[in-house]
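Data from start.cif: mmCIF, C-alpha atoms
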```
data_run
#
loop_
_atom_site.label_atom_id
_atom_site.label_comp_id
_atom_site.auth_asym_id
_atom_site.auth_seq_id
_atom_site.Cartn_x
_atom_site.Cartn_y
_atom_site.Cartn_z
CA MET A 93 45.41 -36.88 49.20
CA LEU A 94 41.90 -38.07 48.81
CA GLY A 95 40.81 -35.82 51.63
CA ARG A 96 42.40 -32.83 49.90
CA LEU A 97 40.88 -33.64 46.55
CA ALA A 98 37.40 -34.38 47.71
CA PRO A 99 36.15 -30.85 48.38
CA GLY A 100 37.32 -29.70 44.94
CA VAL A 101 35.57 -32.56 43.15
CA CYS A 102 32.49 -31.94 45.17
CA THR A 103 32.23 -28.26 44.21
CA GLN A 104 32.88 -29.16 40.60
CA VAL A 105 30.03 -31.66 40.62
CA THR A 106 27.61 -29.21 42.20
CA MET A 107 28.66 -26.57 39.70
CA VAL A 108 27.96 -28.86 36.77
CA PHE A 109 24.74 -29.91 38.35
CA ASN A 110 23.65 -26.33 38.98
CA HIS A 111 24.67 -25.30 35.54
CA GLN A 112 22.69 -28.06 33.91
CA GLN A 113 19.67 -27.40 36.00
CA SER A 114 19.73 -23.69 35.41
CA ARG A 115 20.11 -24.24 31.67
CA ASN A 116 17.13 -26.52 31.58
CA MET A 117 15.09 -24.12 33.63
CA ALA A 118 16.17 -21.34 31.30
CA THR A 119 15.01 -23.17 28.19
CA LEU A 120 11.71 -23.82 29.85
CA LYS A 121 11.45 -20.14 30.68
CA ALA A 122 12.61 -19.18 27.20
CA ILE A 123 10.03 -21.40 25.58
CA SER A 124 7.25 -19.98 27.70
CA ILE A 125 8.32 -16.42 26.83
CA ARG A 126 8.46 -17.33 23.17
CA LEU A 127 5.07 -19.00 23.41
CA LYS A 128 3.58 -15.91 24.95
CA SER A 129 5.01 -13.64 22.29
CA VAL A 130 3.75 -15.84 19.46
CA LYS A 131 0.32 -15.88 21.08
CA ASN A 132 0.37 -12.10 21.20
CA ILE A 133 1.39 -11.92 17.56
CA GLN A 134 -1.46 -14.20 16.66
CA LYS A 135 -3.86 -11.95 18.51
CA ILE A 136 -2.55 -8.96 16.60
CA THR A 137 -2.76 -10.63 13.20
CA GLN A 138 -6.24 -11.87 13.97
CA SER A 139 -7.49 -8.44 14.90
CA MET A 140 -5.75 -6.93 11.86
CA LYS A 141 -7.61 -9.44 9.75
CA MET A 142 -10.89 -8.39 11.33
CA VAL A 143 -10.13 -4.73 10.73
CA SER A 144 -9.19 -5.24 7.11
CA ALA A 145 -12.26 -7.42 6.56
CA ALA A 146 -14.42 -4.54 7.70
CA LYS A 147 -12.45 -2.08 5.59
CA TYR A 148 -12.64 -4.45 2.66
CA THR A 149 -16.45 -4.57 2.61
CA ARG A 150 -16.53 -0.80 2.55
CA ALA A 151 -13.83 -0.61 -0.13
CA GLU A 152 -15.69 -3.05 -2.33
CA ARG A 153 -18.91 -1.07 -2.01
CA ASP A 154 -17.03 2.12 -2.85
CA LEU A 155 -15.34 0.44 -5.79
CA LYS A 156 -18.66 -0.47 -7.35
CA ALA A 157 -19.65 3.16 -7.27
CA ALA A 158 -16.29 4.31 -8.64
CA ARG A 159 -16.11 1.87 -11.51
CA PRO A 160 -18.10 3.96 -14.04
CA TYR A 161 -15.64 6.85 -13.57
CA GLY A 162 -12.70 4.81 -14.77
CA GLU A 163 -14.49 2.76 -17.37
CA GLY A 164 -16.09 5.80 -18.93
CA ALA A 165 -12.76 7.53 -19.31
CA VAL A 166 -11.09 4.46 -20.79
CA GLN A 167 -14.00 3.96 -23.21
CA PHE A 168 -13.49 7.46 -24.54
CA TYR A 169 -9.87 6.76 -25.42
CA GLU A 170 -10.78 3.42 -26.97
CA ARG A 171 -13.62 4.74 -29.11
CA ALA A 172 -11.62 7.71 -30.29
CA GLU A 173 -8.73 5.34 -31.00
CA VAL A 174 -6.20 7.58 -29.40
CA ALA A 175 -2.64 6.43 -29.93
CA ALA A 176 0.56 7.54 -28.29
CA PRO A 177 2.22 10.24 -30.42
CA GLU A 178 5.39 9.05 -32.07
CA ASP A 179 7.15 12.39 -32.06
CA GLU A 180 6.76 12.78 -28.29
CA PRO A 181 8.70 10.04 -26.52
CA LYS A 182 8.16 11.41 -23.03
CA GLN A 183 6.10 9.09 -20.88
CA LEU A 184 4.63 9.27 -17.43
CA TYR A 185 4.07 6.26 -15.23
CA ILE A 186 1.99 6.47 -12.08
CA ALA A 187 2.49 3.76 -9.48
CA MET A 188 -0.68 3.31 -7.45
CA THR A 189 0.24 1.87 -4.08
CA SER A 190 -0.32 2.95 -0.51
CA ASP A 191 1.63 3.68 2.66
CA ARG A 192 0.73 0.53 4.48
CA GLY A 193 2.47 -2.81 4.29
CA LEU A 194 1.62 -6.30 5.56
CA CYS A 195 -0.62 -7.02 2.62
CA GLY A 196 1.12 -9.60 0.48
CA ALA A 197 2.58 -8.65 -2.88
CA VAL A 198 0.24 -5.76 -3.69
CA HIS A 199 2.90 -3.06 -3.71
CA THR A 200 5.75 -5.14 -5.09
CA GLY A 201 3.55 -6.23 -8.00
CA VAL A 202 2.94 -2.66 -9.12
CA SER A 203 6.54 -1.65 -8.56
CA LYS A 204 7.76 -4.67 -10.51
CA VAL A 205 5.77 -3.62 -13.58
CA ILE A 206 7.34 -0.16 -13.46
CA ARG A 207 10.79 -1.53 -12.75
CA ALA A 208 10.54 -3.86 -15.73
CA ARG A 209 9.56 -0.92 -17.93
CA LEU A 210 12.41 1.22 -16.61
CA ALA A 211 14.90 -1.54 -17.34
CA GLU A 212 13.92 -1.54 -21.03
CA PRO A 213 15.51 0.78 -23.62
CA GLY A 214 14.05 4.27 -23.84
CA ALA A 215 13.69 4.50 -20.09
CA GLU A 216 15.40 7.90 -19.99
CA ASN A 217 12.19 9.44 -21.32
CA ILE A 218 10.08 7.98 -18.56
CA LYS A 219 9.18 9.80 -15.39
CA VAL A 220 7.44 8.18 -12.48
CA ILE A 221 5.00 9.48 -9.93
CA CYS A 222 4.83 7.32 -6.83
CA VAL A 223 1.49 7.33 -5.10
CA GLY A 224 2.02 5.79 -1.67
CA ASP A 225 5.21 5.38 0.32
CA LYS A 226 5.63 1.72 -0.55
CA SER A 227 6.32 2.20 -4.24
CA ARG A 228 8.62 5.08 -3.39
CA ALA A 229 10.59 2.87 -1.02
CA ILE A 230 10.94 0.18 -3.67
CA LEU A 231 11.77 2.42 -6.63
CA GLN A 232 13.86 4.97 -4.77
CA ARG A 233 17.04 2.92 -4.57
CA LEU A 234 17.58 2.25 -8.25
CA TYR A 235 15.36 4.67 -10.10
CA SER A 236 15.19 7.74 -7.91
CA LYS A 237 16.19 9.95 -10.85
CA HIS A 238 12.95 9.03 -12.58
CA ILE A 239 10.70 10.05 -9.73
CA ILE A 240 9.20 13.49 -10.17
CA SER A 241 6.63 13.41 -7.42
CA VAL A 242 5.65 11.37 -4.40
CA CYS A 243 2.21 11.33 -2.82
CA ASN A 244 1.79 9.86 0.61
CA GLU A 245 -0.74 9.57 3.42
CA ILE A 246 -2.66 7.11 1.28
CA GLY A 247 -4.31 4.03 2.68
CA ARG A 248 -5.08 5.22 6.18
CA LEU A 249 -8.53 6.32 5.12
CA PRO A 250 -10.52 5.32 2.05
CA PRO A 251 -9.50 7.49 -0.91
CA THR A 252 -11.82 10.34 -1.86
CA PHE A 253 -12.31 12.09 -5.15
CA LEU A 254 -10.65 15.13 -3.67
CA ASP A 255 -7.49 13.07 -3.16
CA ALA A 256 -7.56 12.05 -6.79
CA ALA A 257 -8.24 15.63 -7.85
CA ARG A 258 -5.26 16.91 -5.90
CA ILE A 259 -2.97 14.31 -7.41
CA ALA A 260 -4.29 15.15 -10.87
CA ASN A 261 -3.69 18.80 -10.17
CA ALA A 262 -0.15 18.06 -9.09
CA ILE A 263 0.46 16.14 -12.32
CA MET A 264 -0.87 18.97 -14.44
CA THR A 265 1.07 21.66 -12.63
CA SER A 266 4.29 19.62 -12.42
CA GLY A 267 5.41 21.12 -15.72
CA TYR A 268 6.22 17.72 -17.19
CA ASP A 269 4.74 17.48 -20.71
CA PHE A 270 4.25 13.83 -21.43
CA GLY A 271 3.03 12.38 -24.71
CA SER A 272 1.50 9.32 -23.18
CA GLY A 273 1.62 7.34 -19.99
CA LYS A 274 0.12 4.72 -17.80
CA ILE A 275 -1.44 4.43 -14.41
CA VAL A 276 -0.26 1.10 -13.03
CA TYR A 277 -2.56 -0.26 -10.35
CA ASN A 278 -3.91 -3.47 -8.88
CA LYS A 279 -7.18 -4.48 -10.44
CA PHE A 280 -9.45 -6.17 -8.00
CA LYS A 281 -10.94 -9.44 -9.26
CA SER A 282 -12.25 -11.28 -6.24
CA VAL A 283 -11.52 -11.56 -2.52
CA VAL A 284 -8.59 -13.82 -3.23
CA SER A 285 -7.23 -12.44 -6.46
CA TYR A 286 -6.05 -9.22 -8.05
CA SER A 287 -3.75 -8.50 -10.94
CA GLN A 288 -1.63 -5.62 -12.12
CA SER A 289 -3.36 -3.59 -14.75
CA ASP A 290 -2.98 -0.18 -16.33
CA LEU A 291 -5.02 2.77 -17.52
CA PRO A 292 -3.80 4.84 -20.45
CA LEU A 293 -2.86 8.50 -20.21
CA PHE A 294 -2.51 10.78 -23.21
CA SER A 295 -1.58 14.35 -23.82
CA ARG A 296 -4.14 16.69 -25.31
CA ALA A 297 -2.22 16.84 -28.57
CA ALA A 298 -2.47 13.08 -28.88
CA VAL A 299 -6.23 13.16 -28.40
CA GLU A 300 -6.69 16.02 -30.85
CA SER A 301 -4.80 14.20 -33.56
CA SER A 302 -6.61 10.91 -33.09
CA PRO A 303 -8.39 9.66 -36.24
CA LYS A 304 -11.83 8.94 -34.84
CA LEU A 305 -12.34 11.94 -32.60
CA ALA A 306 -15.08 13.03 -35.03
CA VAL A 307 -17.43 10.39 -33.61
CA TYR A 308 -17.95 12.81 -30.75
CA ASP A 309 -20.18 15.71 -31.48
CA SER A 310 -19.54 19.39 -30.81
CA LEU A 311 -16.05 19.15 -29.43
CA ASP A 312 -14.03 22.28 -29.28
CA SER A 313 -10.63 22.47 -27.71
CA ASP A 314 -12.00 24.07 -24.56
CA VAL A 315 -14.42 21.22 -23.91
CA LEU A 316 -11.72 18.72 -24.72
CA GLN A 317 -9.30 20.31 -22.30
CA SER A 318 -11.88 20.29 -19.52
CA TYR A 319 -12.74 16.69 -20.26
CA MET A 320 -9.10 15.63 -20.28
CA GLU A 321 -8.58 17.24 -16.90
CA PHE A 322 -11.65 15.60 -15.48
CA SER A 323 -10.86 12.20 -16.97
CA LEU A 324 -7.37 12.27 -15.47
CA ALA A 325 -8.85 12.86 -12.02
CA SER A 326 -11.54 10.24 -12.46
CA MET A 327 -9.11 7.61 -13.72
CA LEU A 328 -6.85 8.31 -10.76
CA PHE A 329 -9.86 8.03 -8.48
CA TYR A 330 -10.84 4.70 -10.00
CA ALA A 331 -7.28 3.37 -9.76
CA LEU A 332 -7.07 4.49 -6.12
CA LYS A 333 -10.30 2.66 -5.33
CA GLU A 334 -9.24 -0.51 -7.13
CA GLY A 335 -5.90 -0.37 -5.36
CA ALA A 336 -7.49 0.16 -1.94
CA CYS A 337 -9.89 -2.72 -2.48
CA SER A 338 -7.20 -5.18 -3.61
CA GLU A 339 -4.96 -4.04 -0.78
CA GLN A 340 -7.56 -4.74 1.88
CA SER A 341 -8.54 -8.10 0.40
CA SER A 342 -4.89 -9.06 0.10
CA ARG A 343 -4.23 -7.97 3.66
CA MET A 344 -7.12 -10.12 4.78
CA THR A 345 -5.59 -13.25 3.20
CA ALA A 346 -2.10 -12.32 4.39
CA MET A 347 -3.27 -11.88 7.96
CA ASP A 348 -5.33 -15.07 7.80
CA ASN A 349 -2.22 -16.98 6.73
CA ALA A 350 -0.15 -15.29 9.42
CA SER A 351 -2.67 -16.29 12.10
CA LYS A 352 -2.67 -19.84 10.79
CA ASN A 353 1.11 -20.01 10.84
CA ALA A 354 1.20 -18.54 14.33
CA GLY A 355 -1.28 -21.22 15.37
CA GLU A 356 0.99 -23.92 14.02
CA MET A 357 3.92 -22.38 15.84
CA ILE A 358 1.95 -22.25 19.07
CA ASP A 359 1.10 -25.96 18.74
CA LYS A 360 4.74 -26.86 18.21
CA LEU A 361 5.97 -24.66 21.02
CA THR A 362 3.37 -26.01 23.44
CA LEU A 363 4.52 -29.52 22.60
CA THR A 364 8.18 -28.70 23.20
CA PHE A 365 7.25 -26.79 26.32
CA ASN A 366 5.37 -29.76 27.78
CA ARG A 367 8.09 -32.15 26.76
CA THR A 368 10.78 -30.06 28.40
CA ARG A 369 8.69 -29.70 31.51
CA GLN A 370 8.23 -33.48 31.65
CA ALA A 371 11.95 -33.98 31.18
CA VAL A 372 12.72 -31.63 34.04
CA ILE A 373 10.25 -33.39 36.32
CA THR A 374 11.58 -36.81 35.36
CA ARG A 375 15.12 -35.73 36.01
CA GLU A 376 14.29 -34.33 39.37
CA LEU A 377 12.52 -37.54 40.30
CA ILE A 378 15.53 -39.59 39.23
CA GLU A 379 17.75 -37.39 41.34
CA ILE A 380 15.55 -37.76 44.38
CA ILE A 381 15.22 -41.52 43.95
CA SER A 382 18.88 -42.09 43.34
CA GLY A 383 19.70 -39.85 46.27
CA ALA A 384 17.35 -41.91 48.47
CA ALA A 385 18.87 -45.13 47.11
CA ALA A 386 22.36 -43.89 47.92
CA LEU A 387 21.35 -43.22 51.50
CA GLU A 388 20.09 -46.76 52.10
CA MET B 65 -13.08 30.73 -23.05
CA SER B 66 -15.00 30.38 -19.84
CA ALA B 67 -14.61 32.86 -17.04
CA TRP B 68 -13.15 30.40 -14.55
CA ARG B 69 -10.42 29.35 -16.93
CA GLN B 70 -9.56 32.97 -17.54
CA ALA B 71 -9.21 33.34 -13.79
CA GLY B 72 -6.49 30.68 -13.86
CA LEU B 73 -8.51 27.70 -12.66
CA ASN B 74 -8.58 24.36 -14.38
CA TYR B 75 -11.62 22.14 -14.61
CA ILE B 76 -10.68 20.17 -11.51
CA ASN B 77 -10.42 23.26 -9.32
CA TYR B 78 -13.60 24.61 -10.80
CA SER B 79 -15.63 21.45 -10.26
CA ASN B 80 -14.20 20.96 -6.79
CA ILE B 81 -15.31 24.40 -5.75
CA ALA B 82 -18.73 23.72 -7.21
CA ALA B 83 -18.92 20.38 -5.39
CA LYS B 84 -17.89 21.99 -2.12
CA ILE B 85 -20.61 24.60 -2.38
CA LEU B 86 -23.17 21.96 -3.31
CA ARG B 87 -22.25 19.78 -0.34
CA ARG B 88 -22.56 22.70 2.03
CA SER B 89 -25.96 23.63 0.75
CA LEU B 90 -27.44 20.17 1.24
CA LYS B 91 -30.12 19.41 3.82
CA ALA B 92 -28.73 18.74 7.29
CA GLU B 93 -29.51 15.02 7.35
CA VAL B 94 -27.49 14.25 4.23
CA ARG B 95 -24.89 16.95 4.68
CA THR B 96 -22.79 15.14 7.30
CA GLU B 97 -22.48 12.12 5.04
CA ALA B 98 -21.54 14.28 2.07
CA LEU B 99 -19.05 16.37 4.03
CA ARG B 100 -17.14 13.21 4.82
CA ARG B 101 -16.28 13.02 1.14
CA ASP B 102 -14.99 16.56 1.29
CA GLU B 103 -11.71 15.58 2.90
CA SER B 104 -8.32 14.95 1.48
CA HIS B 105 -5.25 13.87 3.38
CA VAL B 106 -2.83 13.27 0.55
CA ARG B 107 0.53 14.94 0.87
CA ILE B 108 2.32 15.59 -2.38
CA THR B 109 6.06 16.14 -2.51
CA PRO B 110 7.73 17.10 -5.75
CA TRP B 111 11.04 15.34 -6.41
CA ALA B 112 13.99 16.44 -8.47
CA ASN B 113 17.25 14.63 -9.24
CA GLY B 114 16.39 11.67 -7.07
CA LYS B 115 15.62 13.62 -3.92
CA PRO B 116 12.62 15.44 -2.46
CA ALA B 117 12.77 19.00 -3.79
CA HIS B 118 12.55 20.71 -0.40
CA LEU B 119 15.54 18.73 0.91
CA GLN B 120 17.51 19.74 -2.12
CA ALA B 121 16.73 23.39 -1.62
CA LYS B 122 17.98 23.06 1.94
CA ALA B 123 21.20 21.39 0.79
CA ALA B 124 21.78 24.16 -1.74
CA LYS B 125 21.65 26.77 1.00
#
```
Please rewrite the model in this file as structure tokens.
Amino acid sequence: MLGRLAPGVCTQVTMVFNHQQSRNMATLKAISIRLKSVKNIQKITQSMKMVSAAKYTRAERDLKAARPYGEGAVQFYERAEVAAPEDEPKQLYIAMTSDRGLCGAVHTGVSKVIRARLAEPGAENIKVICVGDKSRAILQRLYSKHIISVCNEIGRLPPTFLDAARIANAIMTSGYDFGSGKIVYNKFKSVVSYSQSDLPLFSRAAVESSPKLAVYDSLDSDVLQSYMEFSLASMLFYALKEGACSEQSSRMTAMDNASKNAGEMIDKLTLTFNRTRQAVITRELIEIISGAAALE
Amino acid sequence: MSAWRQAGLNYINYSNIAAKILRRSLKAEVRTEALRRDESHVRITPWANGKPAHLQAKAAK
């Protein structure tokens, strides 16, 4: 009976043994594969950080040059004390984002501002123009009825005035007559901080009926119309530049954090890898020694 | 009313055309730099009723 049982037991033991060994070898292999992939990810995030650092310096330089465009236009509205017309409830919101992700909460911040506004009463009079695919992706699900235009291919290259001019043109020819509106964008503060801000938009009727327009000399409606068109383009240009600059700076920090986290993960994985390797070696030694001891 | 507005242009079109001509007539050493600002890659899609307008036109057919 023992003789008949023995071969079966023996195969079972070797099976268990093989199974255990192969599993341990597999984890070792799995850890090394994982380690390699995390190392690759770290390389990618590091180089992305480098790229966005270079793009950021350029964006900041460009932003300095673009600032007067936006500030000048806003000053005009402030000095003339233009107010949103009460008899025209239609509003236009422009979400200034870009196509590219992996840059922290830049796009969600802008979309959140618009979403909060659309959740308030009176939202049926609001239309949205999404500049950049990211805001479109966020707003599309719940508020797609409010979107009247989407601009993409933004963020690959630094924005130019021609980009802003084409968006402005699209707004003017969209046939949507808004009384007032806002350009929601990320205002760049420093390398590590930005905040959501907005620029005002008004219809020509609103500007013409503003109380202090008389502080400006020799304005006829033709000049005013030209100026309004130009100021729309220049405000869009300024918002695009601010957005691009905050996006790059935010991407820099995001990628820096990602590299740091990958580094931590690599440390942990290396430790587990070495430990497992040690365990495998130790077990093999024990097997050899106990095998030798059994032979004596 | 100015002539360009009568021709159906708005100020943005008008000034862009002027800027384009100015950039092209610059001296060669500064022209390449200026021409780089003469590009635009933005694609604008009008939307209606929660969908891109061109998709809707296709669906209607």
Open item on the list: Set the cut-off to 12 Å and count all atoms listed in the file: what are the residues of chain B that reach chain A? Output as number ranges by chain.
Closed with: B: 65-70, 72-81, 83-84, 98-118
Residue by residue, what does the PyMOL selection byres ((chain A and resi 135) around 12) grab here? Present the result as an mmCIF file with C-alpha atoms, keeping the file's coordinate frame.
```cif
data_model
loop_
_atom_site.group_PDB
_atom_site.id
_atom_site.type_symbol
_atom_site.label_atom_id
_atom_site.label_comp_id
_atom_site.auth_asym_id
_atom_site.auth_seq_id
_atom_site.Cartn_x
_atom_site.Cartn_y
_atom_site.Cartn_z
ATOM 1 C CA LYS A 128 3.580 -15.910 24.950
ATOM 2 C CA SER A 129 5.010 -13.640 22.290
ATOM 3 C CA VAL A 130 3.750 -15.840 19.460
ATOM 4 C CA LYS A 131 0.320 -15.880 21.080
ATOM 5 C CA ASN A 132 0.370 -12.100 21.200
ATOM 6 C CA ILE A 133 1.390 -11.920 17.560
ATOM 7 C CA GLN A 134 -1.460 -14.200 16.660
ATOM 8 C CA ILE A 136 -2.550 -8.960 16.600
ATOM 9 C CA THR A 137 -2.760 -10.630 13.200
ATOM 10 C CA GLN A 138 -6.240 -11.870 13.970
ATOM 11 C CA SER A 139 -7.490 -8.440 14.900
ATOM 12 C CA MET A 140 -5.750 -6.930 11.860
ATOM 13 C CA LYS A 141 -7.610 -9.440 9.750
ATOM 14 C CA MET A 142 -10.890 -8.390 11.330
ATOM 15 C CA MET A 347 -3.270 -11.880 7.960
ATOM 16 C CA ASP A 348 -5.330 -15.070 7.800
ATOM 17 C CA ALA A 350 -0.150 -15.290 9.420
ATOM 18 C CA SER A 351 -2.670 -16.290 12.100
ATOM 19 C CA LYS A 352 -2.670 -19.840 10.790
ATOM 20 C CA ALA A 354 1.200 -18.540 14.330
ATOM 21 C CA GLY A 355 -1.280 -21.220 15.370
ATOM 22 C CA ILE A 358 1.950 -22.250 19.070
#
```
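Of the residues listed (A:Leu231, A:Ala172, A:Val284, A:Val198), A:Ala172 shows the shortest atom-to-atom separation from A:Tyr308; distances use all atoms listed in the file.
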TODO: Could you check how far atom CA of A:Ala346 sits from atom CA of A:Leu194, in Å to one decimal?
DONE: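 We find that atom CA of A:Ala346 and atom CA of A:Leu194 lie 7.2 Å from each other.
Within the file as shown, the PyMOL selection byres ((chain A and resi 363-373) around 10) identifies Gln113, Asn116, Met117, Thr119, Leu120, Lys121, Ala122, Ile123, Ser124, Leu127, Met357, Ile358, Asp359, Lys360, Leu361, Thr362, Thr374, Arg375, Glu376, Leu377, Ile378 and Glu379 of chain A.
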Open item on the list: Taking 5 positions as the minimum chain separation for residues in the same chain, which residues sit within 12 Å of A:Thr189 when counting only C-alpha atoms? Answer as a PyMOL selection string.
Closed with: chain A and resi 195+197-204+206+221-231+242-247+251+275-279+288+328+331-340
Take the residues from that selection and write them out as an mmCIF file, in the frame of the given file, keeping C-alpha atoms.
```
data_model
loop_
_atom_site.group_PDB
_atom_site.id
_atom_site.type_symbol
_atom_site.label_atom_id
_atom_site.label_comp_id
_atom_site.auth_asym_id
_atom_site.auth_seq_id
_atom_site.Cartn_x
_atom_site.Cartn_y
_atom_site.Cartn_z
ATOM 1 C CA CYS A 195 -0.620 -7.020 2.620
ATOM 2 C CA ALA A 197 2.580 -8.650 -2.880
ATOM 3 C CA VAL A 198 0.240 -5.760 -3.690
ATOM 4 C CA HIS A 199 2.900 -3.060 -3.710
ATOM 5 C CA THR A 200 5.750 -5.140 -5.090
ATOM 6 C CA GLY A 201 3.550 -6.230 -8.000
ATOM 7 C CA VAL A 202 2.940 -2.660 -9.120
ATOM 8 C CA SER A 203 6.540 -1.650 -8.560
ATOM 9 C CA LYS A 204 7.760 -4.670 -10.510
ATOM 10 C CA ILE A 206 7.340 -0.160 -13.460
ATOM 11 C CA ILE A 221 5.000 9.480 -9.930
ATOM 12 C CA CYS A 222 4.830 7.320 -6.830
ATOM 13 C CA VAL A 223 1.490 7.330 -5.100
ATOM 14 C CA GLY A 224 2.020 5.790 -1.670
ATOM 15 C CA ASP A 225 5.210 5.380 0.320
ATOM 16 C CA LYS A 226 5.630 1.720 -0.550
ATOM 17 C CA SER A 227 6.320 2.200 -4.240
ATOM 18 C CA ARG A 228 8.620 5.080 -3.390
ATOM 19 C CA ALA A 229 10.590 2.870 -1.020
ATOM 20 C CA ILE A 230 10.940 0.180 -3.670
ATOM 21 C CA LEU A 231 11.770 2.420 -6.630
ATOM 22 C CA VAL A 242 5.650 11.370 -4.400
ATOM 23 C CA CYS A 243 2.210 11.330 -2.820
ATOM 24 C CA ASN A 244 1.790 9.860 0.610
ATOM 25 C CA GLU A 245 -0.740 9.570 3.420
ATOM 26 C CA ILE A 246 -2.660 7.110 1.280
ATOM 27 C CA GLY A 247 -4.310 4.030 2.680
ATOM 28 C CA PRO A 251 -9.500 7.490 -0.910
ATOM 29 C CA ILE A 275 -1.440 4.430 -14.410
ATOM 30 C CA VAL A 276 -0.260 1.100 -13.030
ATOM 31 C CA TYR A 277 -2.560 -0.260 -10.350
ATOM 32 C CA ASN A 278 -3.910 -3.470 -8.880
ATOM 33 C CA LYS A 279 -7.180 -4.480 -10.440
ATOM 34 C CA GLN A 288 -1.630 -5.620 -12.120
ATOM 35 C CA LEU A 328 -6.850 8.310 -10.760
ATOM 36 C CA ALA A 331 -7.280 3.370 -9.760
ATOM 37 C CA LEU A 332 -7.070 4.490 -6.120
ATOM 38 C CA LYS A 333 -10.300 2.660 -5.330
ATOM 39 C CA GLU A 334 -9.240 -0.510 -7.130
ATOM 40 C CA GLY A 335 -5.900 -0.370 -5.360
ATOM 41 C CA ALA A 336 -7.490 0.160 -1.940
ATOM 42 C CA CYS A 337 -9.890 -2.720 -2.480
ATOM 43 C CA SER A 338 -7.200 -5.180 -3.610
ATOM 44 C CA GLU A 339 -4.960 -4.040 -0.780
ATOM 45 C CA GLN A 340 -7.560 -4.740 1.880
#
```
Task: Å distance separating atom CA of A:Val220 from atom CA of A:Phe270, one decimal place - done: 11.1 Å
- [ ] Between A:Glu356, A:Glu212, A:Asp154, A:Glu180, single out the one closest to A:Ala297, counting all atoms listed in the file.
- [x]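 Looking at the shortest contact to A:Ala297, the residue is A:Glu180.
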TODO: For atom CA of A:Thr265 and atom CA of A:Pro177, determine how far apart the two atoms are, in Å to one decimal place.
DONE: 21.2 Å
Task: Answer key for the PyMOL selection byres ((chain A and resi 159) around 10), residues as JSON, numbers by chain - done: {"A": [154, 155, 156, 157, 158, 160, 161, 162, 163, 164, 326, 327, 329, 330, 331, 333, 334]}
Would you mind completing stretch 68-81 of chain B to N, CA and C atoms and writing the output as a short mmCIF file (atom, residue, chain, number, x, y, z; two decimals), in the coordinates of the input?
```cif
data_model
loop_
_atom_site.label_atom_id
_atom_site.label_comp_id
_atom_site.auth_asym_id
_atom_site.auth_seq_id
_atom_site.Cartn_x
_atom_site.Cartn_y
_atom_site.Cartn_z
N TRP B 68 -14.00 31.01 -15.58
CA TRP B 68 -13.15 30.40 -14.55
C TRP B 68 -11.79 30.03 -15.08
N ARG B 69 -11.73 29.67 -16.39
CA ARG B 69 -10.42 29.35 -16.93
C ARG B 69 -9.58 30.62 -17.10
N GLN B 70 -10.28 31.71 -17.42
CA GLN B 70 -9.56 32.97 -17.54
C GLN B 70 -8.98 33.38 -16.19
N ALA B 71 -9.68 32.99 -15.13
CA ALA B 71 -9.21 33.34 -13.79
C ALA B 71 -8.08 32.42 -13.33
N GLY B 72 -7.64 31.51 -14.20
CA GLY B 72 -6.49 30.68 -13.86
C GLY B 72 -6.84 29.36 -13.20
N LEU B 73 -8.11 28.98 -13.24
CA LEU B 73 -8.51 27.70 -12.66
C LEU B 73 -8.53 26.65 -13.77
N ASN B 74 -8.31 25.41 -13.41
CA ASN B 74 -8.58 24.36 -14.38
C ASN B 74 -9.88 23.66 -13.98
N TYR B 75 -10.30 22.72 -14.83
CA TYR B 75 -11.62 22.14 -14.61
C TYR B 75 -11.74 21.47 -13.25
N ILE B 76 -10.63 20.88 -12.79
CA ILE B 76 -10.68 20.17 -11.51
C ILE B 76 -10.93 21.14 -10.36
N ASN B 77 -10.19 22.26 -10.36
CA ASN B 77 -10.42 23.26 -9.32
C ASN B 77 -11.86 23.75 -9.37
N TYR B 78 -12.27 24.05 -10.58
CA TYR B 78 -13.60 24.61 -10.80
C TYR B 78 -14.68 23.67 -10.28
N SER B 79 -14.58 22.38 -10.67
CA SER B 79 -15.63 21.45 -10.26
C SER B 79 -15.54 21.14 -8.77
N ASN B 80 -14.32 21.18 -8.22
CA ASN B 80 -14.20 20.96 -6.79
C ASN B 80 -14.85 22.07 -5.98
N ILE B 81 -14.68 23.27 -6.45
CA ILE B 81 -15.31 24.40 -5.75
C ILE B 81 -16.81 24.27 -5.83
#
```
